[in-house]
Amino acid sequence: MSFLEFTEGPLWYVALVVFSVGVAWNIIGILAMRVRGDSAVPRKSPVAGGIKAIFLHMAPHGGFFSRTAYHVIVGYLFHLGLFALLLFGSFHVAFIKEWTGLSWTPLPRWGFIIASEVAFAGLILMWIRRWTDPITRQISDRDDHIGTGLTMLAMLTGCFALGEASDGLRAVHMLSVELLMLYFPFSRLMHAFTFIFSRYFMGAAYGKRGYVP
Amino acid sequence: MSNVATQVIDHFVSQVGAQAATWLQSCVHCGECAEACHFYEVTKDPRYTPAWKLEPFARAYRARKAPFAGVRRALGLAKEPDEAELNEWQELIYDSCTMCGRCTMVCPMGIDIASLVGLARKSMAANGIGPEDLFAVAEKSREVGSPLGVTPEKMEERIDWLSDEHEVDIPLNKEKAEVLLTISSIETMKYPQSIVAMAQVLNHAGIDWTFSTKGYEATNFGVLSGKADVAKVMIERIVAAAESVGAKTVIIPECGHAYGALRWTGAMMLGRPLPFEVFHITEYLAMLKRDGKLKLKPMDDAITYHDPCQISRRGGATEAAREVLDGFATGFREMSPTGNANWCCGGGGGVAAIQRATPLRLKVFEIKMKQVEDSGADIMVSACANCRQTLDGGKEHYKWDREIGSLVEIVADHLVKA
Ligand code: SF4
Ligand code: SF4
C-alpha cells in the first residue's frame, strides 16, 4: 500500500470515524446534561431570545465595533476564506462528489487563490494577535496553538497539493487534514459546533428577562 | 490535591448543566470580553479578562465533567486547580466581577460569564473560600433578617421614626394588603429618604400596600456571596410575608440585585412558582404613570440616569426608568454608552461589601465621572441603593462636584399634591 493509498484508505476511515463519533459524542454529552428548570414568569419568549442571540452574535453590536474591529475583521476573513476553500475548492468538490454523489460548481483557480489568501491572511493575523496582545497571551493555552497550527498546516499542504502535481503532496495534505480531524473533537475547535448552543442558551436565559445582550 | 480543592471542584461540576457546559466549552480565547469589563478598562491588567476569571473552573470542568474528561485525565492533560490557586482566584471571582453581564454583549460565543461566576462563587462559598466581610454580611442576613443588622424591631423603630419625622403614613404589618413593599437595608441605614419617597408615591397613587416585619429585606447577600442556603432563606421570608398579607404584588425597592434575585431566580430557589407578581420600583412607577396615577410637576435640572445592570441589561426593565422620566424630567439626557450597554458602577455583585476591593472600585468610578461630565448633567440618579452607595463613595473620594441621587426620590419630590 502506497503512502497515498494509506492516507486515502485506512487512515481516512479512522479519522472520519473519530471525527464524526467524537463530535457527536461531544454534543450529545453536553446536551444530555441537566437543563436547569426555571419557573420565573417570562417577560418575553425564551425561544425567540435564543434564536435572536444566534444571529445577533454574528456581528458586533451594542457599540463595541471600534474596540473589537481587528478581531472581527480577521476572524471573518479566516472563516469565510476557509469555508470557500473547503466547500468550493475543486479538489474538495470532486472529493465530496466521490463520497456522496453530490456536486456543485467549484471555484475557478483564481477564486481559489483569492480565498486562500484571505483565509491565510485571517489566520496569520489572528495567530499574531494571539502571541502579541497581552490579553490573548494571558488567556491562550496549548490547545489554542495546536488547533491553529494544525489548521494552518492543513491549509498550507492544501495549497502545495493544489496543482495535483504529485501523489506525495496530495498524501501529505490528506495526512494533515486527518491529524486535524483526529484532534478536533477533543479540542476548542469544537466551538464550530457548540457556538450555536452557547448563544442559544444565553439568548434564551436573557431573552426571557426581556433583553438579549 | 487538598480536600478543600477537591470539594470545590466536585461542587462546581455537580452544578454544571447543559447551559454552563456549552459556555465553558465554547470559549475560543479571543479576549474580546476584556473590552467590555470595567475592571480591565481601568487597569488594563489582562488578569481581569472575563474569560480568565473562570480559567481554573473551565479547567476543572474539562478534567472532570466535559465529554472525554477521562481521556484527558488518563493522558495527564488536565491539571485541576489546587487550594492555593483557588484562594488566589478569590480576587477574580469576587473582588473584580460585579456580575454585570456586559462581557456577554461582546462575546462572539455569547458566553454568560456572570452566571458562571455565580456558579463558581457558590462552590467556593460552600467550602469557605471567599471574602470574609462579604460572607459576614450574608450570615448576618440569615441571623437577623438583614445584612446591615436591621432586625424586625429596628425596622419597626425606623418606620415609626420616618413616619413621624416626615409626616407620612407608612403602613407596617397591615393584616391584608394588595401590595407588599420591601426595602434594601442600605436605604434603611443610609438613604431613609428613599423609604419615605416610596411611601409618598404609593400613597399618592392610592395603593393598598404595607411593609411586613415577616419579610422586608430585598437585598439578597446569599446570592451575592454564593451562599445558596442564605439566598433561599431571604426569598422564603418575602414569600411568607406576602402570603400572610395576601399580597398579589411584591415591589422591590431601588436595588438591582434584589430584583434579579427575586424576579428571575426566586422561583427556582423556592422550588415553586412565586405566588405573586414582582416589580422593581421603576417598573411600578412606570405602570402608575401609564395608568394616570402619577401626577408630576416638571423638573428641569440637567439630569442623567445610571442603569443598574441587574435592572437593565440583566433584568430587562431598561425602559421603565425612561418612561418615568419622559416628559417630566425635561433636562434629562443619556450618558454614552447607556441603557443596556451602560458601564457598571463597580460595586454590584457584592463587590461594594468587599473592603479590599475599594481601590479597584474607586478606579471604576473614573469611567462614570467621565460619562456624566461628557453628558453635561449636574445630577446622576440611579434606581439602586447599592449603585448609589458605590457612586457616593467615589464622589467623596474624588471630591466630585456632581450630585448623585435616587429616581424614586426625585419622583416623590415632584408629586403634584392633591
Ligand atoms: S460580568 Fe461584568 S464585571 Fe464580571 S467579568 Fe463580565 S464585564 Fe467584568
Ligand atoms: S469573548 Fe467570549 S469567547 Fe472570547 S475570550 Fe471572552 S468569553 Fe471567551
# chains A, B, ... in the order shown; residues from 1 in each chain; ligands from 1
call {"tool": "residues_near_ligand", "arguments": {"ligand": "ligand 2", "cutoff": "10 Å", "atoms": "only C-alpha atoms and all ligand atoms", "output": "PyMOL selection string"}}
result
(chain A and resi 68+71+135-136+139-140+191+195) or (chain B and resi 23-36+49-54+103-113)
call {"tool": "select_by_dssp", "arguments": {"residues": "region 4-175 of chain B", "states": "alpha helix (DSSP H)", "output": "VMD selection string"}}
result
chain B and resid 4 to 15 18 to 26 38 to 43 50 to 53 55 to 64 69 to 74 83 to 90 102 to 106 113 to 126 132 to 144 152 to 166
call {"tool": "residues_around", "arguments": {"residues": "Leu288 (chain B)", "least_positions_apart": "4", "cutoff": "12 Å", "atoms": "only C-alpha atoms", "output": "MDAnalysis selection string"}}
result
chainID B and resid 201:207 279 281:284 292:296 320 323:324 411
call {"tool": "write_last_selection", "arguments": {"atoms": "N, CA and C atoms", "output": "PDB file, in the first residue's frame"}}
result
ATOM      1  N   VAL B 201     -45.117  58.108  47.220  1.00  0.00           N
ATOM      2  CA  VAL B 201     -45.605  57.819  45.872  1.00  0.00           C
ATOM      3  C   VAL B 201     -46.769  56.830  45.921  1.00  0.00           C
ATOM      4  N   LEU B 202     -46.610  55.765  46.703  1.00  0.00           N
ATOM      5  CA  LEU B 202     -47.680  54.755  46.756  1.00  0.00           C
ATOM      6  C   LEU B 202     -48.952  55.340  47.371  1.00  0.00           C
ATOM      7  N   ASN B 203     -48.780  56.183  48.394  1.00  0.00           N
ATOM      8  CA  ASN B 203     -49.960  56.827  48.996  1.00  0.00           C
ATOM      9  C   ASN B 203     -50.624  57.774  47.990  1.00  0.00           C
ATOM     10  N   HIS B 204     -49.815  58.527  47.291  1.00  0.00           N
ATOM     11  CA  HIS B 204     -50.304  59.473  46.269  1.00  0.00           C
ATOM     12  C   HIS B 204     -51.157  58.732  45.233  1.00  0.00           C
ATOM     13  N   ALA B 205     -50.705  57.505  44.874  1.00  0.00           N
ATOM     14  CA  ALA B 205     -51.425  56.749  43.842  1.00  0.00           C
ATOM     15  C   ALA B 205     -52.594  55.942  44.417  1.00  0.00           C
ATOM     16  N   GLY B 206     -52.776  56.026  45.723  1.00  0.00           N
ATOM     17  CA  GLY B 206     -53.908  55.330  46.359  1.00  0.00           C
ATOM     18  C   GLY B 206     -53.759  53.812  46.393  1.00  0.00           C
ATOM     19  N   ILE B 207     -52.535  53.328  46.523  1.00  0.00           N
ATOM     20  CA  ILE B 207     -52.296  51.877  46.536  1.00  0.00           C
ATOM     21  C   ILE B 207     -52.519  51.305  47.944  1.00  0.00           C
ATOM     22  N   PHE B 279     -42.350  43.375  40.836  1.00  0.00           N
ATOM     23  CA  PHE B 279     -41.989  44.560  40.047  1.00  0.00           C
ATOM     24  C   PHE B 279     -40.862  45.299  40.745  1.00  0.00           C
ATOM     25  N   ILE B 281     -39.284  48.859  41.609  1.00  0.00           N
ATOM     26  CA  ILE B 281     -39.993  50.119  41.865  1.00  0.00           C
ATOM     27  C   ILE B 281     -40.082  50.992  40.592  1.00  0.00           C
ATOM     28  N   THR B 282     -39.063  50.930  39.738  1.00  0.00           N
ATOM     29  CA  THR B 282     -39.134  51.733  38.496  1.00  0.00           C
ATOM     30  C   THR B 282     -40.245  51.207  37.592  1.00  0.00           C
ATOM     31  N   GLU B 283     -40.388  49.890  37.548  1.00  0.00           N
ATOM     32  CA  GLU B 283     -41.463  49.313  36.726  1.00  0.00           C
ATOM     33  C   GLU B 283     -42.822  49.716  37.297  1.00  0.00           C
ATOM     34  N   TYR B 284     -42.897  49.705  38.628  1.00  0.00           N
ATOM     35  CA  TYR B 284     -44.168  50.031  39.259  1.00  0.00           C
ATOM     36  C   TYR B 284     -44.513  51.508  39.035  1.00  0.00           C
ATOM     37  N   GLY B 292     -52.130  56.829  34.758  1.00  0.00           N
ATOM     38  CA  GLY B 292     -52.571  58.177  35.132  1.00  0.00           C
ATOM     39  C   GLY B 292     -52.621  58.401  36.632  1.00  0.00           C
ATOM     40  N   LYS B 293     -51.890  57.560  37.394  1.00  0.00           N
ATOM     41  CA  LYS B 293     -51.952  57.696  38.852  1.00  0.00           C
ATOM     42  C   LYS B 293     -50.773  58.474  39.415  1.00  0.00           C
ATOM     43  N   LEU B 294     -49.939  58.951  38.537  1.00  0.00           N
ATOM     44  CA  LEU B 294     -48.752  59.675  38.993  1.00  0.00           C
ATOM     45  C   LEU B 294     -48.758  61.062  38.357  1.00  0.00           C
ATOM     46  N   LYS B 295     -49.092  62.065  39.163  1.00  0.00           N
ATOM     47  CA  LYS B 295     -49.131  63.433  38.627  1.00  0.00           C
ATOM     48  C   LYS B 295     -47.852  64.137  39.069  1.00  0.00           C
ATOM     49  N   LEU B 296     -47.054  64.539  38.082  1.00  0.00           N
ATOM     50  CA  LEU B 296     -45.747  65.104  38.412  1.00  0.00           C
ATOM     51  C   LEU B 296     -45.566  66.522  37.895  1.00  0.00           C
ATOM     52  N   ALA B 320     -38.211  51.153  31.840  1.00  0.00           N
ATOM     53  CA  ALA B 320     -39.102  51.637  32.898  1.00  0.00           C
ATOM     54  C   ALA B 320     -38.675  53.013  33.422  1.00  0.00           C
ATOM     55  N   GLU B 323     -39.380  55.704  30.950  1.00  0.00           N
ATOM     56  CA  GLU B 323     -40.807  56.001  30.876  1.00  0.00           C
ATOM     57  C   GLU B 323     -41.197  56.959  32.004  1.00  0.00           C
ATOM     58  N   VAL B 324     -40.618  56.745  33.177  1.00  0.00           N
ATOM     59  CA  VAL B 324     -40.914  57.617  34.318  1.00  0.00           C
ATOM     60  C   VAL B 324     -40.372  59.020  34.048  1.00  0.00           C
ATOM     61  N   VAL B 411     -38.913  61.619  41.977  1.00  0.00           N
ATOM     62  CA  VAL B 411     -40.334  61.492  41.630  1.00  0.00           C
ATOM     63  C   VAL B 411     -41.177  61.992  42.814  1.00  0.00           C
TER      64      VAL B 411
END
call {"tool": "closest_residue", "arguments": {"among": "B:Ala58, B:Ala63, B:Met99, B:Ala199", "to": "ligand 1", "atoms": "only C-alpha atoms and all ligand atoms"}}
result
B:Met99
call {"tool": "closest_residue", "arguments": {"among": "A:Gly22, A:Gly149, A:Gly101, A:Gly111", "to": "chain B", "atoms": "only C-alpha atoms"}}
result
A:Gly22
call {"tool": "residues_around", "arguments": {"residues": "Ser225 (chain B)", "least_positions_apart": "4", "cutoff": "9 Å", "atoms": "only C-alpha atoms", "output": "list in words"}}
result
Tyr94, Gly118, Arg121, Lys122, Ala125, Gly130, Pro131, Leu134, Phe135, Val137, Ala138, Asn220, Phe221, Ala231, Gly349 and Gly350 of chain B
call {"tool": "residues_around", "arguments": {"residues": "region 172-182 of chain A", "least_positions_apart": "6", "cutoff": "9 Å", "atoms": "only C-alpha atoms", "output": "VMD selection string"}}
result
chain A and resid 3 to 4 7 to 8 11 to 12 14 to 20 22 147 150 to 151 153 to 161
call {"tool": "closest_atom_pairs", "arguments": {"of": "region 161-261 of chain B", "to": "region 151-156 of chain B", "cutoff": "12 Å", "atoms": "only C-alpha atoms", "output": "Markdown table"}}
result
| residue | atom | partner | partner_atom | distance |
| --- | --- | --- | --- | --- |
| B:Trp161 | CA | B:Glu156 | CA | 8.5 |
| B:Leu162 | CA | B:Glu156 | CA | 9.9 |
| B:Ser163 | CA | B:Glu156 | CA | 10.4 |
| B:Ile170 | CA | B:Glu156 | CA | 10.4 |
| B:Pro171 | CA | B:Glu156 | CA | 10.3 |
| B:Leu172 | CA | B:Glu156 | CA | 7.6 |
| B:Asn173 | CA | B:Glu156 | CA | 9.4 |
| B:Thr182 | CA | B:Met155 | CA | 11.3 |
| B:Ile183 | CA | B:Met155 | CA | 9.9 |
| B:Ser184 | CA | B:Met155 | CA | 11.2 |
| B:Ser185 | CA | B:Met155 | CA | 9.3 |
| B:Glu187 | CA | B:Met155 | CA | 11.4 |
| B:Thr188 | CA | B:Met155 | CA | 7.9 |
| B:Met189 | CA | B:Met155 | CA | 10.0 |
| B:Pro192 | CA | B:Met155 | CA | 11.2 |
| B:Ile195 | CA | B:Met155 | CA | 11.4 |
| B:Phe211 | CA | B:Met155 | CA | 9.6 |
| B:Ser212 | CA | B:Pro152 | CA | 8.8 |
| B:Thr213 | CA | B:Pro152 | CA | 5.2 |
| B:Lys214 | CA | B:Pro152 | CA | 7.6 |
| B:Gly215 | CA | B:Pro152 | CA | 8.7 |
| B:Tyr216 | CA | B:Pro152 | CA | 8.4 |
| B:Glu217 | CA | B:Thr151 | CA | 9.7 |
| B:Arg237 | CA | B:Pro152 | CA | 11.9 |
call {"tool": "interface_residues", "arguments": {"of": "chain A", "to": "chain B", "cutoff": "6 Å", "atoms": "only C-alpha atoms", "output": "PDB file with C-alpha atoms, in the first residue's frame"}}
result
ATOM      1  CA  ASN A  26     -19.267  15.676  22.483  1.00  0.00           C
ATOM      2  CA  GLY A  29     -22.608  14.565  26.083  1.00  0.00           C
ATOM      3  CA  ILE A  30     -23.221  18.259  26.656  1.00  0.00           C
ATOM      4  CA  LEU A  31     -26.881  18.263  25.766  1.00  0.00           C
ATOM      5  CA  MET A  33     -26.533  17.206  30.972  1.00  0.00           C
ATOM      6  CA  ARG A  34     -29.378  18.516  33.076  1.00  0.00           C
ATOM      7  CA  VAL A  35     -31.019  21.738  31.907  1.00  0.00           C
ATOM      8  CA  ASP A  38     -36.680  27.935  35.602  1.00  0.00           C
ATOM      9  CA  SER A  39     -40.205  28.740  36.624  1.00  0.00           C
ATOM     10  CA  ALA A  40     -39.831  32.540  36.665  1.00  0.00           C
ATOM     11  CA  HIS A  57     -23.634  37.465  17.939  1.00  0.00           C
ATOM     12  CA  ILE A 135      -4.921  39.786  26.783  1.00  0.00           C
ATOM     13  CA  THR A 136      -4.783  36.843  24.408  1.00  0.00           C
ATOM     14  CA  ILE A 139      -5.573  33.502  28.250  1.00  0.00           C
ATOM     15  CA  SER A 140      -4.255  31.307  25.425  1.00  0.00           C
ATOM     16  CA  HIS A 191     -16.631  25.725  19.013  1.00  0.00           C
ATOM     17  CA  THR A 194     -21.066  24.376  20.147  1.00  0.00           C
ATOM     18  CA  PHE A 195     -21.346  28.094  19.344  1.00  0.00           C
ATOM     19  CA  SER A 198     -23.844  28.520  23.640  1.00  0.00           C
ATOM     20  CA  ARG A 199     -25.528  31.503  22.008  1.00  0.00           C
ATOM     21  CA  PHE A 201     -28.802  29.085  25.848  1.00  0.00           C
ATOM     22  CA  ARG A 209     -35.907  38.533  31.050  1.00  0.00           C
ATOM     23  CA  GLY A 210     -36.561  40.889  28.166  1.00  0.00           C
ATOM     24  CA  TYR A 211     -33.210  41.807  26.649  1.00  0.00           C
ATOM     25  CA  PRO A 213     -27.198  41.198  25.284  1.00  0.00           C
TER      26      PRO A 213
END
call {"tool": "residues_around", "arguments": {"residues": "Asp413 (chain B)", "least_positions_apart": "3", "cutoff": "9 Å", "atoms": "only C-alpha atoms", "output": "JSON, numbers by chain"}}
result
{"B": [197, 296, 297, 408, 409, 410, 416]}
call {"tool": "atom_distance", "arguments": {"atom1": "CA of Phe193 (chain A)", "atom2": "CA of Ala24 (chain A)"}}
result
9.8 Å
call {"tool": "closest_residue", "arguments": {"among": "B:His397, B:Arg361, B:His414, B:His166", "to": "ligand 1", "atoms": "only C-alpha atoms and all ligand atoms"}}
result
B:Arg361
call {"tool": "closest_residue", "arguments": {"among": "A:Phe65, A:Trp110, A:Phe91, A:Phe184", "to": "Val21 (chain A)", "atoms": "only C-alpha atoms"}}
result
A:Phe184
call {"tool": "residues_around", "arguments": {"residues": "Glu80 (chain B)", "least_positions_apart": "2", "cutoff": "8 Å", "atoms": "only C-alpha atoms", "output": "VMD selection string"}}
result
chain B and resid 56 59 to 60 63 78 82
call {"tool": "select_by_dssp", "arguments": {"residues": "region 48-252 of chain B", "states": "strand (DSSP E or B)", "output": "PDB file with all heavy atoms, in the first residue's frame"}}
result
ATOM      1  N   LEU B 172     -47.240  49.349  58.303  1.00  0.00           N
ATOM      2  CA  LEU B 172     -46.379  48.220  58.647  1.00  0.00           C
ATOM      3  C   LEU B 172     -47.254  47.128  59.256  1.00  0.00           C
ATOM      4  O   LEU B 172     -48.066  47.409  60.138  1.00  0.00           O
ATOM      5  CB  LEU B 172     -45.309  48.673  59.656  1.00  0.00           C
ATOM      6  CG  LEU B 172     -44.353  47.602  60.161  1.00  0.00           C
ATOM      7  CD1 LEU B 172     -43.435  47.121  59.057  1.00  0.00           C
ATOM      8  CD2 LEU B 172     -43.506  48.144  61.321  1.00  0.00           C
ATOM      9  N   VAL B 179     -50.439  45.005  47.999  1.00  0.00           N
ATOM     10  CA  VAL B 179     -49.038  45.140  47.603  1.00  0.00           C
ATOM     11  C   VAL B 179     -48.133  45.060  48.822  1.00  0.00           C
ATOM     12  O   VAL B 179     -48.375  45.718  49.834  1.00  0.00           O
ATOM     13  CB  VAL B 179     -48.824  46.511  46.903  1.00  0.00           C
ATOM     14  CG1 VAL B 179     -47.345  46.761  46.639  1.00  0.00           C
ATOM     15  CG2 VAL B 179     -49.613  46.578  45.606  1.00  0.00           C
ATOM     16  N   LEU B 180     -47.088  44.232  48.700  1.00  0.00           N
ATOM     17  CA  LEU B 180     -46.066  44.187  49.761  1.00  0.00           C
ATOM     18  C   LEU B 180     -44.850  44.943  49.243  1.00  0.00           C
ATOM     19  O   LEU B 180     -44.318  44.623  48.176  1.00  0.00           O
ATOM     20  CB  LEU B 180     -45.682  42.738  50.077  1.00  0.00           C
ATOM     21  CG  LEU B 180     -44.547  42.607  51.102  1.00  0.00           C
ATOM     22  CD1 LEU B 180     -45.047  42.869  52.521  1.00  0.00           C
ATOM     23  CD2 LEU B 180     -43.905  41.209  51.038  1.00  0.00           C
ATOM     24  N   LEU B 181     -44.440  45.945  50.010  1.00  0.00           N
ATOM     25  CA  LEU B 181     -43.237  46.698  49.627  1.00  0.00           C
ATOM     26  C   LEU B 181     -42.068  46.152  50.444  1.00  0.00           C
ATOM     27  O   LEU B 181     -42.216  45.838  51.625  1.00  0.00           O
ATOM     28  CB  LEU B 181     -43.452  48.183  49.920  1.00  0.00           C
ATOM     29  CG  LEU B 181     -42.279  49.118  49.595  1.00  0.00           C
ATOM     30  CD1 LEU B 181     -41.944  49.122  48.109  1.00  0.00           C
ATOM     31  CD2 LEU B 181     -42.601  50.561  50.028  1.00  0.00           C
ATOM     32  N   ILE B 183     -37.639  46.502  51.298  1.00  0.00           N
ATOM     33  CA  ILE B 183     -36.609  47.541  51.355  1.00  0.00           C
ATOM     34  C   ILE B 183     -35.227  46.935  51.140  1.00  0.00           C
ATOM     35  O   ILE B 183     -35.042  45.732  51.214  1.00  0.00           O
ATOM     36  CB  ILE B 183     -36.560  48.256  52.732  1.00  0.00           C
ATOM     37  CG1 ILE B 183     -36.420  47.216  53.859  1.00  0.00           C
ATOM     38  CG2 ILE B 183     -37.711  49.180  52.945  1.00  0.00           C
ATOM     39  CD1 ILE B 183     -35.584  47.686  54.991  1.00  0.00           C
ATOM     40  N   TRP B 209     -51.122  49.092  50.336  1.00  0.00           N
ATOM     41  CA  TRP B 209     -49.804  48.449  50.478  1.00  0.00           C
ATOM     42  C   TRP B 209     -49.377  48.367  51.933  1.00  0.00           C
ATOM     43  O   TRP B 209     -49.944  49.037  52.799  1.00  0.00           O
ATOM     44  CB  TRP B 209     -48.748  49.221  49.668  1.00  0.00           C
ATOM     45  CG  TRP B 209     -48.415  50.591  50.222  1.00  0.00           C
ATOM     46  CD1 TRP B 209     -49.127  51.733  50.051  1.00  0.00           C
ATOM     47  CD2 TRP B 209     -47.289  50.929  51.036  1.00  0.00           C
ATOM     48  NE1 TRP B 209     -48.517  52.785  50.701  1.00  0.00           N
ATOM     49  CE2 TRP B 209     -47.377  52.311  51.311  1.00  0.00           C
ATOM     50  CE3 TRP B 209     -46.213  50.212  51.561  1.00  0.00           C
ATOM     51  CZ2 TRP B 209     -46.425  52.990  52.093  1.00  0.00           C
ATOM     52  CZ3 TRP B 209     -45.266  50.882  52.330  1.00  0.00           C
ATOM     53  CH2 TRP B 209     -45.393  52.260  52.589  1.00  0.00           C
ATOM     54  N   THR B 210     -48.355  47.585  52.165  1.00  0.00           N
ATOM     55  CA  THR B 210     -47.790  47.503  53.519  1.00  0.00           C
ATOM     56  C   THR B 210     -46.346  47.001  53.477  1.00  0.00           C
ATOM     57  O   THR B 210     -45.931  46.367  52.500  1.00  0.00           O
ATOM     58  CB  THR B 210     -48.621  46.554  54.410  1.00  0.00           C
ATOM     59  OG1 THR B 210     -48.143  46.628  55.753  1.00  0.00           O
ATOM     60  CG2 THR B 210     -48.513  45.097  53.955  1.00  0.00           C
ATOM     61  N   PHE B 211     -45.625  47.286  54.547  1.00  0.00           N
ATOM     62  CA  PHE B 211     -44.372  46.594  54.841  1.00  0.00           C
ATOM     63  C   PHE B 211     -44.741  45.466  55.797  1.00  0.00           C
ATOM     64  O   PHE B 211     -45.774  45.544  56.483  1.00  0.00           O
ATOM     65  CB  PHE B 211     -43.386  47.508  55.587  1.00  0.00           C
ATOM     66  CG  PHE B 211     -42.587  48.431  54.699  1.00  0.00           C
ATOM     67  CD1 PHE B 211     -42.615  49.819  54.905  1.00  0.00           C
ATOM     68  CD2 PHE B 211     -41.767  47.935  53.700  1.00  0.00           C
ATOM     69  CE1 PHE B 211     -41.855  50.676  54.118  1.00  0.00           C
ATOM     70  CE2 PHE B 211     -41.003  48.790  52.912  1.00  0.00           C
ATOM     71  CZ  PHE B 211     -41.051  50.159  53.125  1.00  0.00           C
ATOM     72  N   GLU B 217     -36.534  42.506  53.900  1.00  0.00           N
ATOM     73  CA  GLU B 217     -35.232  42.778  53.282  1.00  0.00           C
ATOM     74  C   GLU B 217     -35.169  42.158  51.882  1.00  0.00           C
ATOM     75  O   GLU B 217     -35.242  40.946  51.722  1.00  0.00           O
ATOM     76  CB  GLU B 217     -34.119  42.181  54.154  1.00  0.00           C
ATOM     77  CG  GLU B 217     -32.732  42.355  53.596  1.00  0.00           C
ATOM     78  CD  GLU B 217     -32.303  43.814  53.455  1.00  0.00           C
ATOM     79  OE1 GLU B 217     -32.224  44.510  54.463  1.00  0.00           O
ATOM     80  OE2 GLU B 217     -32.059  44.252  52.306  1.00  0.00           O
ATOM     81  N   THR B 249     -48.861  41.391  44.715  1.00  0.00           N
ATOM     82  CA  THR B 249     -47.729  42.083  44.094  1.00  0.00           C
ATOM     83  C   THR B 249     -46.660  42.343  45.141  1.00  0.00           C
ATOM     84  O   THR B 249     -46.976  42.761  46.256  1.00  0.00           O
ATOM     85  CB  THR B 249     -48.204  43.450  43.531  1.00  0.00           C
ATOM     86  OG1 THR B 249     -49.194  43.210  42.540  1.00  0.00           O
ATOM     87  CG2 THR B 249     -47.065  44.248  42.924  1.00  0.00           C
ATOM     88  N   VAL B 250     -45.412  42.096  44.762  1.00  0.00           N
ATOM     89  CA  VAL B 250     -44.295  42.465  45.640  1.00  0.00           C
ATOM     90  C   VAL B 250     -43.449  43.486  44.891  1.00  0.00           C
ATOM     91  O   VAL B 250     -43.081  43.271  43.734  1.00  0.00           O
ATOM     92  CB  VAL B 250     -43.447  41.240  46.044  1.00  0.00           C
ATOM     93  CG1 VAL B 250     -42.164  41.670  46.747  1.00  0.00           C
ATOM     94  CG2 VAL B 250     -44.253  40.311  46.953  1.00  0.00           C
ATOM     95  N   ILE B 251     -43.174  44.593  45.564  1.00  0.00           N
ATOM     96  CA  ILE B 251     -42.339  45.623  44.933  1.00  0.00           C
ATOM     97  C   ILE B 251     -40.938  45.551  45.521  1.00  0.00           C
ATOM     98  O   ILE B 251     -40.753  45.549  46.740  1.00  0.00           O
ATOM     99  CB  ILE B 251     -42.910  47.036  45.150  1.00  0.00           C
ATOM    100  CG1 ILE B 251     -44.314  47.140  44.556  1.00  0.00           C
ATOM    101  CG2 ILE B 251     -41.987  48.085  44.510  1.00  0.00           C
ATOM    102  CD1 ILE B 251     -44.952  48.509  44.734  1.00  0.00           C
ATOM    103  N   ILE B 252     -39.970  45.477  44.616  1.00  0.00           N
ATOM    104  CA  ILE B 252     -38.568  45.516  45.014  1.00  0.00           C
ATOM    105  C   ILE B 252     -38.144  46.992  44.992  1.00  0.00           C
ATOM    106  O   ILE B 252     -38.447  47.711  44.036  1.00  0.00           O
ATOM    107  CB  ILE B 252     -37.714  44.714  44.002  1.00  0.00           C
ATOM    108  CG1 ILE B 252     -38.104  43.230  44.016  1.00  0.00           C
ATOM    109  CG2 ILE B 252     -36.226  44.891  44.269  1.00  0.00           C
ATOM    110  CD1 ILE B 252     -37.777  42.492  45.288  1.00  0.00           C
TER     111      ILE B 252
END
call {"tool": "closest_residue", "arguments": {"among": "B:Ser194, B:His38, B:Gly128, B:Ile159", "to": "ligand 1", "atoms": "only C-alpha atoms and all ligand atoms"}}
result
B:His38
call {"tool": "atom_distance", "arguments": {"atom1": "CA of Ala136 (chain B)", "atom2": "CA of Arg356 (chain B)"}}
result
14.3 Å
call {"tool": "decode", "arguments": {"residues": "region 53-83 of chain A", "atoms": "C-alpha atoms", "output": "short mmCIF file (atom, residue, chain, number, x, y, z; two decimals), in the first residue's frame"}}
result
data_model
loop_
_atom_site.label_atom_id
_atom_site.label_comp_id
_atom_site.auth_asym_id
_atom_site.auth_seq_id
_atom_site.Cartn_x
_atom_site.Cartn_y
_atom_site.Cartn_z
CA ALA A 53 -28.78 35.52 20.08
CA ILE A 54 -27.55 33.08 17.41
CA PHE A 55 -27.80 35.82 14.79
CA LEU A 56 -27.04 38.82 16.97
CA HIS A 57 -23.63 37.46 17.94
CA MET A 58 -22.61 37.02 14.32
CA ALA A 59 -21.71 40.69 14.30
CA PRO A 60 -20.58 43.24 16.88
CA HIS A 61 -23.43 45.12 18.49
CA GLY A 62 -24.01 47.45 21.39
CA GLY A 63 -21.35 49.93 20.26
CA PHE A 64 -18.35 47.64 20.55
CA PHE A 65 -17.20 47.51 16.94
CA SER A 66 -14.49 50.13 17.27
CA ARG A 67 -12.92 48.15 20.11
CA THR A 68 -13.14 44.73 18.54
CA ALA A 69 -12.69 45.58 14.86
CA TYR A 70 -9.35 43.81 14.42
CA HIS A 71 -10.57 40.52 15.73
CA VAL A 72 -13.92 40.72 13.97
CA ILE A 73 -12.37 41.52 10.60
CA VAL A 74 -9.54 38.99 10.69
CA GLY A 75 -11.89 36.41 12.21
CA TYR A 76 -14.32 36.81 9.33
CA LEU A 77 -11.52 36.82 6.75
CA PHE A 78 -10.27 33.50 8.06
CA HIS A 79 -13.64 31.80 8.48
CA LEU A 80 -15.10 32.96 5.15
CA GLY A 81 -11.88 32.11 3.29
CA LEU A 82 -11.76 28.70 4.93
CA PHE A 83 -15.37 27.85 4.09
#
